[in-house]
>>> print(open('upload-v1.cif').read())   # mmCIF, C-alpha atoms
data_work
loop_
_atom_site.label_atom_id
_atom_site.label_comp_id
_atom_site.auth_asym_id
_atom_site.auth_seq_id
_atom_site.Cartn_x
_atom_site.Cartn_y
_atom_site.Cartn_z
CA MET X 1 14.89 8.04 32.90
CA LEU X 2 12.09 9.08 30.55
CA TYR X 3 13.86 12.30 29.53
CA ALA X 4 17.07 10.38 28.92
CA VAL X 5 15.19 7.92 26.71
CA LEU X 6 13.58 10.75 24.74
CA PHE X 7 16.94 12.46 24.17
CA ALA X 8 18.47 9.17 23.07
CA LEU X 9 15.58 8.56 20.66
CA ALA X 10 15.87 12.09 19.26
CA GLY X 11 19.60 11.67 18.66
CA ALA X 12 19.28 8.19 17.19
CA SER X 13 16.47 9.23 14.85
CA ALA X 14 18.41 12.27 13.62
CA LEU X 15 21.44 10.06 12.97
CA VAL X 16 19.33 7.54 11.07
CA ALA X 17 17.77 10.38 9.06
CA ALA X 18 21.25 11.45 7.99
CA MET X 19 22.33 7.94 6.95
CA LEU X 20 19.08 6.54 5.58
CA PRO X 21 19.06 8.15 2.10
CA ARG X 22 22.36 6.40 1.30
CA VAL X 23 21.21 3.05 2.66
CA VAL X 24 17.89 2.86 0.77
CA ASP X 25 18.95 4.70 -2.37
CA ARG X 26 18.01 1.86 -4.72
CA LEU X 27 15.22 0.34 -2.63
CA PRO X 28 11.46 1.05 -2.73
CA VAL X 29 11.72 2.50 0.78
CA ASN X 30 12.17 6.10 1.85
CA LEU X 31 12.61 8.15 5.02
CA PRO X 32 8.88 8.79 5.71
CA MET X 33 8.03 5.08 5.42
CA THR X 34 10.88 4.05 7.70
CA PHE X 35 10.18 6.58 10.44
CA LEU X 36 6.42 6.07 10.34
CA ALA X 37 6.95 2.33 10.83
CA GLY X 38 9.52 3.03 13.55
CA GLY X 39 7.04 5.26 15.32
CA VAL X 40 4.41 2.51 15.26
CA LEU X 41 6.90 0.14 16.88
CA LEU X 42 7.77 2.75 19.52
CA GLY X 43 4.09 3.22 20.26
CA LEU X 44 3.85 -0.45 21.13
CA VAL X 45 6.70 -0.26 23.67
CA PRO X 46 5.31 -0.33 27.23
CA GLY X 47 6.33 2.48 29.56
CA LEU X 48 6.61 5.25 26.98
CA PRO X 49 4.05 8.08 27.18
CA ALA X 50 1.11 7.83 24.81
CA VAL X 51 1.03 10.20 21.84
CA ARG X 52 -2.48 11.60 21.35
CA PRO X 53 -2.54 14.69 19.08
CA MET X 54 -6.28 15.19 19.57
CA GLU X 55 -5.61 15.99 23.23
CA HIS X 56 -2.91 18.55 22.38
CA GLU X 57 -4.27 20.30 19.30
CA ALA X 58 -2.43 23.60 19.86
CA VAL X 59 0.93 21.88 20.29
CA THR X 60 0.28 19.69 17.24
CA ALA X 61 -0.65 22.73 15.17
CA HIS X 62 2.50 24.65 16.12
CA VAL X 63 4.88 21.73 15.59
CA THR X 64 3.46 20.84 12.17
CA GLU X 65 3.31 24.54 11.28
CA ILE X 66 7.07 24.92 11.79
CA VAL X 67 7.87 21.86 9.69
CA VAL X 68 5.64 23.03 6.84
CA ILE X 69 7.00 26.58 6.62
CA ILE X 70 10.60 25.35 6.63
CA SER X 71 9.80 22.93 3.82
CA LEU X 72 8.07 25.71 1.87
CA MET X 73 11.23 27.80 2.00
CA GLY X 74 13.24 24.84 0.71
CA ALA X 75 10.78 24.25 -2.13
CA GLY X 76 10.84 27.89 -3.23
CA LEU X 77 14.63 28.11 -3.20
CA ALA X 78 14.97 24.88 -5.19
CA LEU X 79 12.85 25.94 -8.18
CA ASP X 80 15.00 27.00 -11.12
CA ARG X 81 12.16 28.00 -13.45
CA PRO X 82 11.14 31.69 -13.22
CA VAL X 83 7.53 32.34 -12.29
CA GLY X 84 5.30 32.93 -15.29
CA TRP X 85 1.84 32.11 -16.56
CA ARG X 86 3.05 29.80 -19.35
CA ARG X 87 6.15 28.50 -17.60
CA TRP X 88 4.06 27.48 -14.59
CA ALA X 89 1.04 26.30 -16.57
CA SER X 90 1.02 22.88 -14.89
CA THR X 91 1.14 24.51 -11.47
CA TRP X 92 -1.75 26.85 -12.11
CA ARG X 93 -3.86 23.98 -13.47
CA LEU X 94 -3.17 21.87 -10.39
CA ILE X 95 -3.95 24.75 -8.03
CA LEU X 96 -6.98 26.25 -9.80
CA VAL X 97 -8.58 23.09 -11.21
CA ALA X 98 -7.31 19.93 -9.52
CA MET X 99 -7.34 21.17 -5.93
CA PRO X 100 -10.89 22.60 -5.87
CA LEU X 101 -12.21 19.46 -7.56
CA THR X 102 -10.34 17.30 -5.06
CA ILE X 103 -11.78 19.25 -2.13
CA ALA X 104 -15.31 18.98 -3.52
CA LEU X 105 -15.10 15.25 -4.29
CA VAL X 106 -13.51 14.34 -0.94
CA ALA X 107 -16.15 16.43 0.87
CA LEU X 108 -18.90 14.72 -1.14
CA ALA X 109 -17.47 11.28 -0.35
CA GLY X 110 -17.07 12.17 3.33
CA SER X 111 -20.67 13.30 3.55
CA ALA X 112 -22.36 10.69 1.35
CA LEU X 113 -20.23 7.68 2.20
CA ALA X 114 -19.06 8.31 5.77
CA GLY X 115 -22.00 10.43 6.96
CA LEU X 116 -19.94 13.40 8.09
CA PRO X 117 -21.73 16.71 8.72
CA VAL X 118 -21.26 19.27 5.94
CA ALA X 119 -18.73 21.40 7.86
CA ALA X 120 -16.68 18.34 8.83
CA ALA X 121 -16.79 17.00 5.26
CA VAL X 122 -15.56 20.33 3.91
CA LEU X 123 -12.77 20.36 6.51
CA LEU X 124 -11.76 16.82 5.54
CA GLY X 125 -11.61 17.79 1.88
CA ALA X 126 -9.62 20.96 2.59
CA ALA X 127 -7.17 19.20 4.92
CA LEU X 128 -6.49 16.33 2.55
CA ALA X 129 -6.46 18.22 -0.77
CA PRO X 130 -3.02 19.90 -0.56
CA THR X 131 -0.01 17.92 -1.67
CA ASP X 132 2.85 17.91 0.76
CA PRO X 133 6.25 19.60 0.40
CA VAL X 134 7.59 17.68 3.41
CA LEU X 135 7.08 14.02 2.52
CA ALA X 136 7.41 14.20 -1.27
CA SER X 137 11.19 14.46 -1.66
CA ASP X 138 11.31 11.49 -4.07
CA VAL X 139 9.23 13.40 -6.63
CA GLN X 140 10.56 16.91 -6.10
CA VAL X 141 13.37 18.93 -7.63
CA GLY X 142 16.87 18.73 -6.19
CA GLU X 143 19.10 21.57 -5.06
CA PRO X 144 19.16 24.88 -6.98
CA ALA X 145 21.01 24.86 -10.32
CA ASP X 146 22.58 27.67 -12.32
CA GLU X 147 20.42 27.12 -15.41
CA GLU X 148 16.69 27.59 -15.81
CA ALA X 149 15.91 24.56 -17.99
CA THR X 150 17.28 21.85 -15.68
CA GLU X 151 13.97 20.66 -14.18
CA ASP X 152 11.80 17.97 -15.71
CA GLU X 153 8.09 18.68 -15.76
CA VAL X 154 7.17 16.01 -13.19
CA ARG X 155 9.46 17.25 -10.45
CA PHE X 156 8.80 20.90 -11.21
CA ALA X 157 5.00 20.55 -11.22
CA LEU X 158 4.86 18.58 -7.96
CA THR X 159 7.31 20.88 -6.17
CA SER X 160 5.66 24.12 -7.25
CA GLU X 161 2.20 22.73 -6.54
CA ALA X 162 3.24 21.65 -3.04
CA GLY X 163 4.71 25.09 -2.44
CA LEU X 164 1.54 26.94 -3.36
CA ASN X 165 -1.36 24.75 -2.40
CA ASP X 166 -0.66 24.67 1.33
CA GLY X 167 -1.59 28.34 1.39
CA ALA X 168 -4.27 28.01 -1.28
CA ALA X 169 -6.21 25.46 0.79
CA PHE X 170 -6.40 27.67 3.87
CA PRO X 171 -9.48 29.65 2.71
CA VAL X 172 -11.47 26.42 2.49
CA VAL X 173 -10.32 25.41 5.98
CA HIS X 174 -11.63 28.78 7.16
CA LEU X 175 -14.87 28.07 5.29
CA ALA X 176 -15.29 24.82 7.21
CA VAL X 177 -14.82 26.71 10.50
CA VAL X 178 -17.39 29.31 9.40
CA LEU X 179 -19.90 26.58 8.53
CA ALA X 180 -19.31 24.90 11.89
CA THR X 181 -19.60 28.08 13.98
CA ALA X 182 -21.88 30.51 12.12
CA GLY X 183 -23.66 28.33 9.58
CA ALA X 184 -24.21 28.95 5.88
CA THR X 185 -25.74 32.41 6.29
CA ALA X 186 -25.27 35.10 3.68
CA GLY X 187 -23.45 37.37 6.12
CA ALA X 188 -21.05 34.67 7.29
CA LEU X 189 -20.26 33.51 3.76
CA GLY X 190 -19.84 37.10 2.56
CA GLY X 191 -17.40 37.85 5.38
CA TRP X 192 -15.50 34.66 4.58
CA ALA X 193 -15.24 35.54 0.88
CA LEU X 194 -14.00 39.06 1.59
CA GLU X 195 -11.61 38.37 4.46
CA ASP X 196 -10.50 34.74 4.36
CA LEU X 197 -10.58 34.19 0.62
CA LEU X 198 -9.54 37.55 -0.82
CA LEU X 199 -7.87 39.75 1.78
CA ARG X 200 -5.73 37.14 3.52
CA THR X 201 -4.52 35.78 0.17
CA VAL X 202 -3.57 39.21 -1.14
CA VAL X 203 -1.78 40.10 2.10
CA GLY X 204 0.14 36.81 2.09
CA VAL X 205 1.35 37.25 -1.48
CA ALA X 206 2.17 40.94 -0.93
CA VAL X 207 4.17 40.28 2.24
CA GLY X 208 6.05 37.45 0.55
CA LEU X 209 6.92 39.61 -2.44
CA GLY X 210 7.93 42.54 -0.26
CA VAL X 211 10.12 40.53 2.08
CA GLY X 212 11.65 38.49 -0.73
CA LYS X 213 12.46 41.43 -3.00
CA LEU X 214 13.75 43.63 -0.20
CA LEU X 215 15.98 40.97 1.32
CA GLY X 216 17.04 39.69 -2.11
CA ALA X 217 18.22 43.17 -3.09
CA MET X 218 20.01 43.56 0.25
CA PHE X 219 21.65 40.13 0.20
CA PHE X 220 22.96 40.36 -3.37
CA ARG X 221 23.20 44.03 -4.37
CA SER X 222 23.47 46.20 -1.27
CA ALA X 223 25.88 49.15 -1.52
CA LEU X 224 27.06 48.29 2.01
CA PRO X 225 29.30 45.18 1.93
CA SER X 226 28.26 44.25 5.47
CA LEU X 227 24.65 43.78 4.26
CA ARG X 228 25.53 41.62 1.25
CA LEU X 229 25.11 38.39 3.18
CA ALA X 230 25.30 36.35 -0.02
CA ASP X 231 29.02 37.12 -0.24
CA ASP X 232 29.63 35.14 2.94
CA VAL X 233 26.44 33.16 3.12
CA GLU X 234 25.23 31.38 6.23
CA GLY X 235 22.57 28.73 5.76
CA PHE X 236 20.54 29.81 8.76
CA THR X 237 19.64 33.09 7.01
CA ALA X 238 17.06 31.00 5.14
CA LEU X 239 15.38 30.31 8.48
CA ALA X 240 15.50 34.02 9.27
CA VAL X 241 13.67 34.80 6.02
CA THR X 242 11.20 31.98 6.69
CA PHE X 243 10.20 33.16 10.14
CA LEU X 244 10.22 36.85 9.19
CA ALA X 245 7.93 36.38 6.18
CA TYR X 246 5.62 34.06 8.09
CA GLY X 247 5.44 36.24 11.17
CA LEU X 248 4.78 39.48 9.28
CA ALA X 249 2.08 37.88 7.14
CA GLU X 250 0.31 36.44 10.18
CA LEU X 251 0.56 39.77 12.05
CA LEU X 252 -1.13 41.46 9.09
CA HIS X 253 -3.79 38.72 8.95
CA GLY X 254 -2.45 37.18 5.77
CA TYR X 255 -1.60 33.61 4.90
CA GLY X 256 1.90 32.94 6.16
CA PHE X 257 2.31 29.77 4.09
CA LEU X 258 1.86 31.77 0.91
CA ALA X 259 4.20 34.49 2.17
CA VAL X 260 7.04 32.05 2.87
CA PHE X 261 6.88 30.33 -0.51
CA VAL X 262 6.52 33.61 -2.42
CA ALA X 263 9.43 35.13 -0.45
CA ALA X 264 11.62 32.14 -1.31
CA CYS X 265 10.78 32.46 -5.02
CA ALA X 266 11.43 36.22 -4.92
CA ILE X 267 14.83 35.79 -3.27
CA ARG X 268 15.73 33.14 -5.83
CA SER X 269 14.77 35.48 -8.68
CA ALA X 270 16.94 38.29 -7.25
CA GLU X 271 20.10 36.44 -8.37
CA ARG X 272 19.11 33.14 -9.88
CA SER X 273 22.50 31.47 -10.38
CA HIS X 274 24.28 32.51 -7.16
CA GLY X 275 25.81 29.71 -5.06
CA ALA X 276 24.24 31.18 -1.92
CA HIS X 277 20.96 29.53 -2.87
CA ARG X 278 22.54 26.07 -2.72
CA VAL X 279 24.04 26.75 0.70
CA ALA X 280 20.71 28.00 2.06
CA HIS X 281 18.76 25.16 0.47
CA ARG X 282 21.08 22.51 1.90
CA PHE X 283 20.76 23.95 5.39
CA VAL X 284 16.97 24.11 5.16
CA GLU X 285 16.83 20.59 3.76
CA GLN X 286 18.90 19.24 6.66
CA VAL X 287 16.75 20.96 9.27
CA GLU X 288 13.61 19.78 7.51
CA ARG X 289 14.82 16.18 7.38
CA MET X 290 15.63 16.15 11.09
CA LEU X 291 12.29 17.67 12.12
CA THR X 292 10.40 15.40 9.74
CA SER X 293 12.00 12.30 11.23
CA TRP X 294 10.88 13.31 14.72
CA LEU X 295 7.39 14.23 13.57
CA LEU X 296 6.91 10.95 11.73
CA LEU X 297 8.02 9.01 14.78
CA LEU X 298 5.34 10.82 16.76
CA LEU X 299 2.71 10.18 14.08
CA GLY X 300 3.57 6.49 13.97
CA ALA X 301 3.37 6.29 17.75
CA ALA X 302 0.00 8.06 17.64
CA LEU X 303 -1.27 5.48 15.16
CA ALA X 304 -0.27 2.74 17.58
CA ASP X 305 -1.74 4.62 20.56
CA GLY X 306 -5.28 4.77 19.21
CA LEU X 307 -5.39 7.53 16.59
CA LEU X 308 -7.30 5.13 14.32
CA SER X 309 -9.73 3.91 17.00
CA ALA X 310 -12.64 5.76 15.39
CA LEU X 311 -11.79 4.62 11.88
CA THR X 312 -14.64 2.95 10.01
CA TRP X 313 -14.50 1.25 6.65
CA GLN X 314 -16.40 4.21 5.20
CA LEU X 315 -13.80 6.72 6.42
CA ALA X 316 -11.02 4.44 5.19
CA ALA X 317 -12.76 4.22 1.82
CA VAL X 318 -12.66 8.02 1.50
CA GLY X 319 -8.89 7.93 1.98
CA VAL X 320 -8.46 5.10 -0.51
CA LEU X 321 -10.63 6.91 -3.06
CA LEU X 322 -8.58 10.09 -2.66
CA VAL X 323 -5.18 8.44 -3.06
CA LEU X 324 -6.04 5.92 -5.78
CA VAL X 325 -8.93 7.48 -7.72
CA ILE X 326 -9.83 11.12 -7.05
CA ARG X 327 -6.42 12.79 -7.14
CA PRO X 328 -5.10 10.75 -10.11
CA ALA X 329 -8.28 11.40 -12.13
CA VAL X 330 -8.73 15.12 -11.49
CA GLY X 331 -4.98 15.70 -11.67
CA TYR X 332 -4.74 14.11 -15.09
CA VAL X 333 -7.76 15.96 -16.45
CA SER X 334 -6.47 19.28 -15.16
CA LEU X 335 -3.12 18.78 -16.94
CA LEU X 336 -4.51 18.05 -20.40
CA GLY X 337 -2.81 20.34 -22.91
CA THR X 338 0.19 21.16 -20.71
CA ARG X 339 3.83 20.20 -21.15
CA GLY X 340 4.87 16.57 -21.06
CA GLY X 341 3.30 13.45 -22.45
CA PRO X 342 0.68 11.10 -21.01
CA ARG X 343 3.22 9.31 -18.80
CA GLU X 344 4.42 12.54 -17.21
CA ARG X 345 0.86 13.75 -16.67
CA SER X 346 -0.07 10.43 -15.10
CA VAL X 347 2.84 10.56 -12.65
CA ILE X 348 2.13 14.17 -11.69
CA ALA X 349 -1.53 13.32 -11.15
CA ALA X 350 -0.84 10.18 -9.13
CA TYR X 351 1.87 11.47 -6.79
CA GLY X 352 0.12 14.15 -4.83
CA VAL X 353 1.51 13.03 -1.47
CA ARG X 354 -0.54 13.75 1.65
CA GLY X 355 1.32 14.61 4.83
CA VAL X 356 2.24 17.18 7.43
CA GLY X 357 0.12 19.99 5.96
CA SER X 358 -3.00 17.84 6.46
CA LEU X 359 -2.11 17.34 10.12
CA PHE X 360 -1.62 21.08 10.60
CA TYR X 361 -4.91 22.07 8.98
CA LEU X 362 -6.89 19.55 10.98
CA SER X 363 -5.34 20.42 14.35
CA TRP X 364 -5.72 24.16 13.65
CA ALA X 365 -9.38 23.88 12.64
CA LEU X 366 -10.27 21.69 15.61
CA GLY X 367 -9.06 24.50 17.88
CA GLU X 368 -11.37 26.98 16.11
CA GLY X 369 -14.67 25.11 15.80
CA ARG X 370 -16.66 22.08 16.91
CA PHE X 371 -16.09 19.03 14.71
CA PRO X 372 -16.19 15.24 15.22
CA ALA X 373 -12.49 15.27 16.09
CA ASP X 374 -11.96 11.55 16.64
CA ARG X 375 -13.43 10.61 13.25
CA LEU X 376 -11.54 13.33 11.40
CA TRP X 377 -8.25 12.39 13.06
CA ALA X 378 -8.83 8.76 12.16
CA ALA X 379 -9.60 9.61 8.53
CA VAL X 380 -6.64 11.99 8.12
CA GLY X 381 -4.21 9.74 9.99
CA PHE X 382 -5.21 6.75 7.87
CA THR X 383 -4.95 8.70 4.60
CA VAL X 384 -1.54 10.16 5.42
CA ALA X 385 -0.23 6.72 6.39
CA LEU X 386 -1.69 5.22 3.21
CA SER X 387 -0.10 7.95 1.10
CA VAL X 388 3.27 7.49 2.80
CA LEU X 389 3.20 3.76 2.08
CA VAL X 390 1.77 3.78 -1.45
CA HIS X 391 3.69 6.77 -2.74
CA GLY X 392 6.83 5.98 -0.78
CA ALA X 393 7.10 2.45 -2.15
CA SER X 394 6.51 3.41 -5.77
CA ALA X 395 7.68 7.00 -6.30
CA ALA X 396 11.42 6.48 -6.63
CA PRO X 397 11.23 3.56 -9.11
CA VAL X 398 8.61 5.33 -11.21
CA VAL X 399 10.56 8.58 -11.39
CA ARG X 400 13.79 6.71 -12.17
CA HIS X 401 11.99 4.95 -15.04
CA LEU X 402 10.87 8.31 -16.42
CA ASP X 403 14.42 9.64 -16.10
CA VAL X 404 15.78 6.68 -18.07
CA ARG X 405 13.19 7.17 -20.82
CA ARG X 406 13.94 10.88 -20.94
CA ARG X 407 17.68 10.29 -21.31
CA ARG X 408 17.14 7.71 -24.03
CA LYS X 409 14.85 10.06 -25.89
CA ALA X 410 17.38 12.88 -25.58
CA ARG X 411 20.17 10.66 -26.90
CA SER X 412 18.08 9.44 -29.82
CA GLY X 413 17.18 13.04 -30.61
CA ASP X 414 20.83 14.04 -30.59
CA LEU X 415 21.74 11.12 -32.85
CA GLY X 416 18.92 12.07 -35.20
CA GLU X 417 20.22 15.61 -35.44
CA ILE X 418 23.76 14.36 -36.10
CA ALA X 419 22.52 11.94 -38.74
CA GLY X 420 20.57 14.74 -40.34
CA THR X 421 23.70 16.84 -40.70
CA HIS X 422 25.38 14.11 -42.71
CA VAL X 423 22.55 13.70 -45.17
#
>>> encode(input="upload-v1.cif", output="C-alpha cells")
Amino acid sequence: MLYAVLFALAGASALVAAMLPRVVDRLPVNLPMTFLAGGVLLGLVPGLPAVRPMEHEAVTAHVTEIVVIISLMGAGLALDRPVGWRRWASTWRLILVAMPLTIALVALAGSALAGLPVAAAVLLGAALAPTDPVLASDVQVGEPADEEATEDEVRFALTSEAGLNDGAAFPVVHLAVVLATAGATAGALGGWALEDLLLRTVVGVAVGLGVGKLLGAMFFRSALPSLRLADDVEGFTALAVTFLAYGLAELLHGYGFLAVFVAACAIRSAERSHGAHRVAHRFVEQVERMLTSWLLLLLGAALADGLLSALTWQLAAVGVLLVLVIRPAVGYVSLLGTRGGPRERSVIAAYGVRGVGSLFYLSWALGEGRFPADRLWAAVGFTVALSVLVHGASAAPVVRHLDVRRRRKARSGDLGEIAGTHV
C-alpha cells in the first residue's frame, strides 16, 4: 500500500506542477510555495514514513545535486546575452563582491549571534550565500530568444548569478570542511587555496568550455549530417550534455556545477539564434519542474517531521538577517555603477532566492566533516522556507511592476523621438 501511495503522490504532484503555473499566474503564489506547503501537510499525515534528510545525507546530496545541475543547464541555455566583462558586469559584481560579503556576514552572525563554531559558521555562510537557479523562476529569464538584447537587467543578473555562484561557493564549502577536519594550519589552508580554490575552479571552467565548444560545433556545424543533432533536435540531448560535462569535471577533480553552466553557455554561443536551444530549454525546464515539485514535497514533509527541532531564535535570526538585510544591502552596494536604475538594483539585490543548492552543500559537507548537523539543518531549512515564502509571495508582482514601468518608459521614449522629428 505504501508504494502505491507514493506512486500516486508522485503522479499527482507532477500533474499539479504542470497545471499550477496557469492557475496562479496572477496570484502572489508560485510552485515552490505551493509544494512546500503541500509537503508540510503530507508530513502531518499519520502512517507515511518520516522524511529526515540528516539521517540520509548521501541520498539527499545526490538528489539535490541532480536537480541543481539540470537547472544550471536550463539557466545557461536561456541566457541571450553573450558572455563579456562589460555585458556581464552585474554578474561579476554579484559573484566577486556580493557573495563573499554575504558569506562573511552570515558566518559572523552565525558565530556571534548563534554561537556556532567557526567551521560550522563558515559552512552556514557558504551554504546560504548562493542564489538558487531552481526556485527563482519568477525572477529569471524566459526561454531562449533569437536576439541578444531581449533580456532586462533584473532577470539577466539574477539568472546569470544563479548559474555561476553555485560553483563559486564550493571552494568555501571545502574551506569549512578543512577547518573542521584539519584546523586553520598553514599547510591545510595552503592546500585548500591551491587545490580547492584554484585548481578545481580552473578544471571546471576548462571542462565546461571544452565540452560546450566541441558539442556545439558537432551539433550545429558537423560535416557529417548524422552528427548535426540540431537539425533534428531532441530535448533530452540537453540532459546528455549536462551529465557528460558534470561527470567529466568531477572525474578530473573540478567543479561540476561550473562545468555544466559554462558548457550550456558555450553551446548557446555556438549558434545563438537556432531553434534547437528552445527545444532543449523547454525539455530541461519540464524535467526541472517535475523534480523540483517532488523535492519540495520532501522538504515540506521534513519540516513537519522535525527538521526544525533544533531551531533557536538566534539561528532563525541569522536566516531573517540574510533574507531581509544582508543580501539586499550587500547586493545593492555591489551593483552601484552598473546598468539599471535604483529600482532595478534594489530588486536584484533583494531577490537572491535560497533553495536547493543550499540543501546540497549542507548535506555534502556533513558527509565530509564533523559539524553540529541538527543546528545547521534547522538553520538552513528555516532560511530556505523563509526565502520561498517571502520571495515567492512578492517576486511576481514586483517584477510585473518593473515590466510595466519599463514599457511605459519605452513608449514615452518612442513618442519623444517621434515628436522630435516633427520639430
>>> resolve_selection(input="upload-v1.cif", expression="the PyMOL selection byres ((chain X and resi 250) around 12)", output="list in words")
Arg200, Thr201, Val203, Gly204, Val205, Val207, Gly208, Phe243, Leu244, Ala245, Tyr246, Gly247, Leu248, Ala249, Leu251, Leu252, His253, Gly254, Tyr255, Gly256, Phe257, Leu258, Ala259 and Val260 of chain X
>>> closest_residue(input="upload-v1.cif", among="X:Ala61, X:Val67, X:Ala280, X:Leu36", to="Ala264 of chain X", atoms="only C-alpha atoms")
X:Ala280
>>> residues_around(input="upload-v1.cif", residues="Ala304 of chain X", least_positions_apart="5", cutoff="7 Å", atoms="all atoms listed in the file", output="PyMOL selection string")
chain X and resi 40+43-44
>>> residues_around(input="upload-v1.cif", residues="segment 108-124 of chain X", least_positions_apart="2", cutoff="9 Å", atoms="all atoms listed in the file", output="PDB file with C-alpha atoms, in the coordinates of the input")
ATOM      1  CA  ILE X 103     -11.780  19.250  -2.130  1.00  0.00           C
ATOM      2  CA  ALA X 104     -15.310  18.980  -3.520  1.00  0.00           C
ATOM      3  CA  LEU X 105     -15.100  15.250  -4.290  1.00  0.00           C
ATOM      4  CA  VAL X 106     -13.510  14.340  -0.940  1.00  0.00           C
ATOM      5  CA  ALA X 126      -9.620  20.960   2.590  1.00  0.00           C
ATOM      6  CA  ALA X 127      -7.170  19.200   4.920  1.00  0.00           C
ATOM      7  CA  LEU X 128      -6.490  16.330   2.550  1.00  0.00           C
ATOM      8  CA  ALA X 129      -6.460  18.220  -0.770  1.00  0.00           C
ATOM      9  CA  VAL X 172     -11.470  26.420   2.490  1.00  0.00           C
ATOM     10  CA  VAL X 173     -10.320  25.410   5.980  1.00  0.00           C
ATOM     11  CA  HIS X 174     -11.630  28.780   7.160  1.00  0.00           C
ATOM     12  CA  LEU X 175     -14.870  28.070   5.290  1.00  0.00           C
ATOM     13  CA  ALA X 176     -15.290  24.820   7.210  1.00  0.00           C
ATOM     14  CA  VAL X 177     -14.820  26.710  10.500  1.00  0.00           C
ATOM     15  CA  VAL X 178     -17.390  29.310   9.400  1.00  0.00           C
ATOM     16  CA  LEU X 179     -19.900  26.580   8.530  1.00  0.00           C
ATOM     17  CA  ALA X 180     -19.310  24.900  11.890  1.00  0.00           C
ATOM     18  CA  GLY X 183     -23.660  28.330   9.580  1.00  0.00           C
ATOM     19  CA  THR X 312     -14.640   2.950  10.010  1.00  0.00           C
ATOM     20  CA  TRP X 313     -14.500   1.250   6.650  1.00  0.00           C
ATOM     21  CA  GLN X 314     -16.400   4.210   5.200  1.00  0.00           C
ATOM     22  CA  LEU X 315     -13.800   6.720   6.420  1.00  0.00           C
ATOM     23  CA  ALA X 316     -11.020   4.440   5.190  1.00  0.00           C
ATOM     24  CA  ALA X 317     -12.760   4.220   1.820  1.00  0.00           C
ATOM     25  CA  VAL X 318     -12.660   8.020   1.500  1.00  0.00           C
ATOM     26  CA  LEU X 321     -10.630   6.910  -3.060  1.00  0.00           C
ATOM     27  CA  SER X 358      -3.000  17.840   6.460  1.00  0.00           C
ATOM     28  CA  TYR X 361      -4.910  22.070   8.980  1.00  0.00           C
ATOM     29  CA  LEU X 362      -6.890  19.550  10.980  1.00  0.00           C
ATOM     30  CA  ALA X 365      -9.380  23.880  12.640  1.00  0.00           C
ATOM     31  CA  ARG X 370     -16.660  22.080  16.910  1.00  0.00           C
ATOM     32  CA  PHE X 371     -16.090  19.030  14.710  1.00  0.00           C
ATOM     33  CA  PRO X 372     -16.190  15.240  15.220  1.00  0.00           C
ATOM     34  CA  ALA X 373     -12.490  15.270  16.090  1.00  0.00           C
ATOM     35  CA  ARG X 375     -13.430  10.610  13.250  1.00  0.00           C
ATOM     36  CA  LEU X 376     -11.540  13.330  11.400  1.00  0.00           C
ATOM     37  CA  ALA X 379      -9.600   9.610   8.530  1.00  0.00           C
ATOM     38  CA  VAL X 380      -6.640  11.990   8.120  1.00  0.00           C
TER      39      VAL X 380
END
>>> residues_around(input="upload-v1.cif", residues="Phe156 of chain X", least_positions_apart="3", cutoff="9 Å", atoms="only C-alpha atoms", output="list of chain:residue names")
X:Leu79, X:Asp80, X:Arg81, X:Trp88, X:Ser90, X:Thr91, X:Val139, X:Gln140, X:Val141, X:Glu151, X:Asp152, X:Glu153, X:Thr159, X:Ser160, X:Glu161
>>> atom_distance(input="upload-v1.cif", atom1="atom CA of Leu209 of chain X", atom2="atom CA of Arg155 of chain X")
23.9 Å
>>> atom_distance(input="upload-v1.cif", atom1="atom CA of Leu42 of chain X", atom2="atom CA of Ser13 of chain X")
11.8 Å
>>> resolve_selection(input="upload-v1.cif", expression="the PyMOL selection byres ((chain X and resi 267-275) around 6)", output="mmCIF file with C-alpha atoms, in the coordinates of the input")
data_model
loop_
_atom_site.group_PDB
_atom_site.id
_atom_site.type_symbol
_atom_site.label_atom_id
_atom_site.label_comp_id
_atom_site.auth_asym_id
_atom_site.auth_seq_id
_atom_site.Cartn_x
_atom_site.Cartn_y
_atom_site.Cartn_z
ATOM 1 C CA LEU X 77 14.630 28.110 -3.200
ATOM 2 C CA ASP X 146 22.580 27.670 -12.320
ATOM 3 C CA GLY X 212 11.650 38.490 -0.730
ATOM 4 C CA GLY X 216 17.040 39.690 -2.110
ATOM 5 C CA ALA X 264 11.620 32.140 -1.310
ATOM 6 C CA CYS X 265 10.780 32.460 -5.020
ATOM 7 C CA ALA X 266 11.430 36.220 -4.920
ATOM 8 C CA ALA X 276 24.240 31.180 -1.920
ATOM 9 C CA HIS X 277 20.960 29.530 -2.870
ATOM 10 C CA ARG X 278 22.540 26.070 -2.720
#
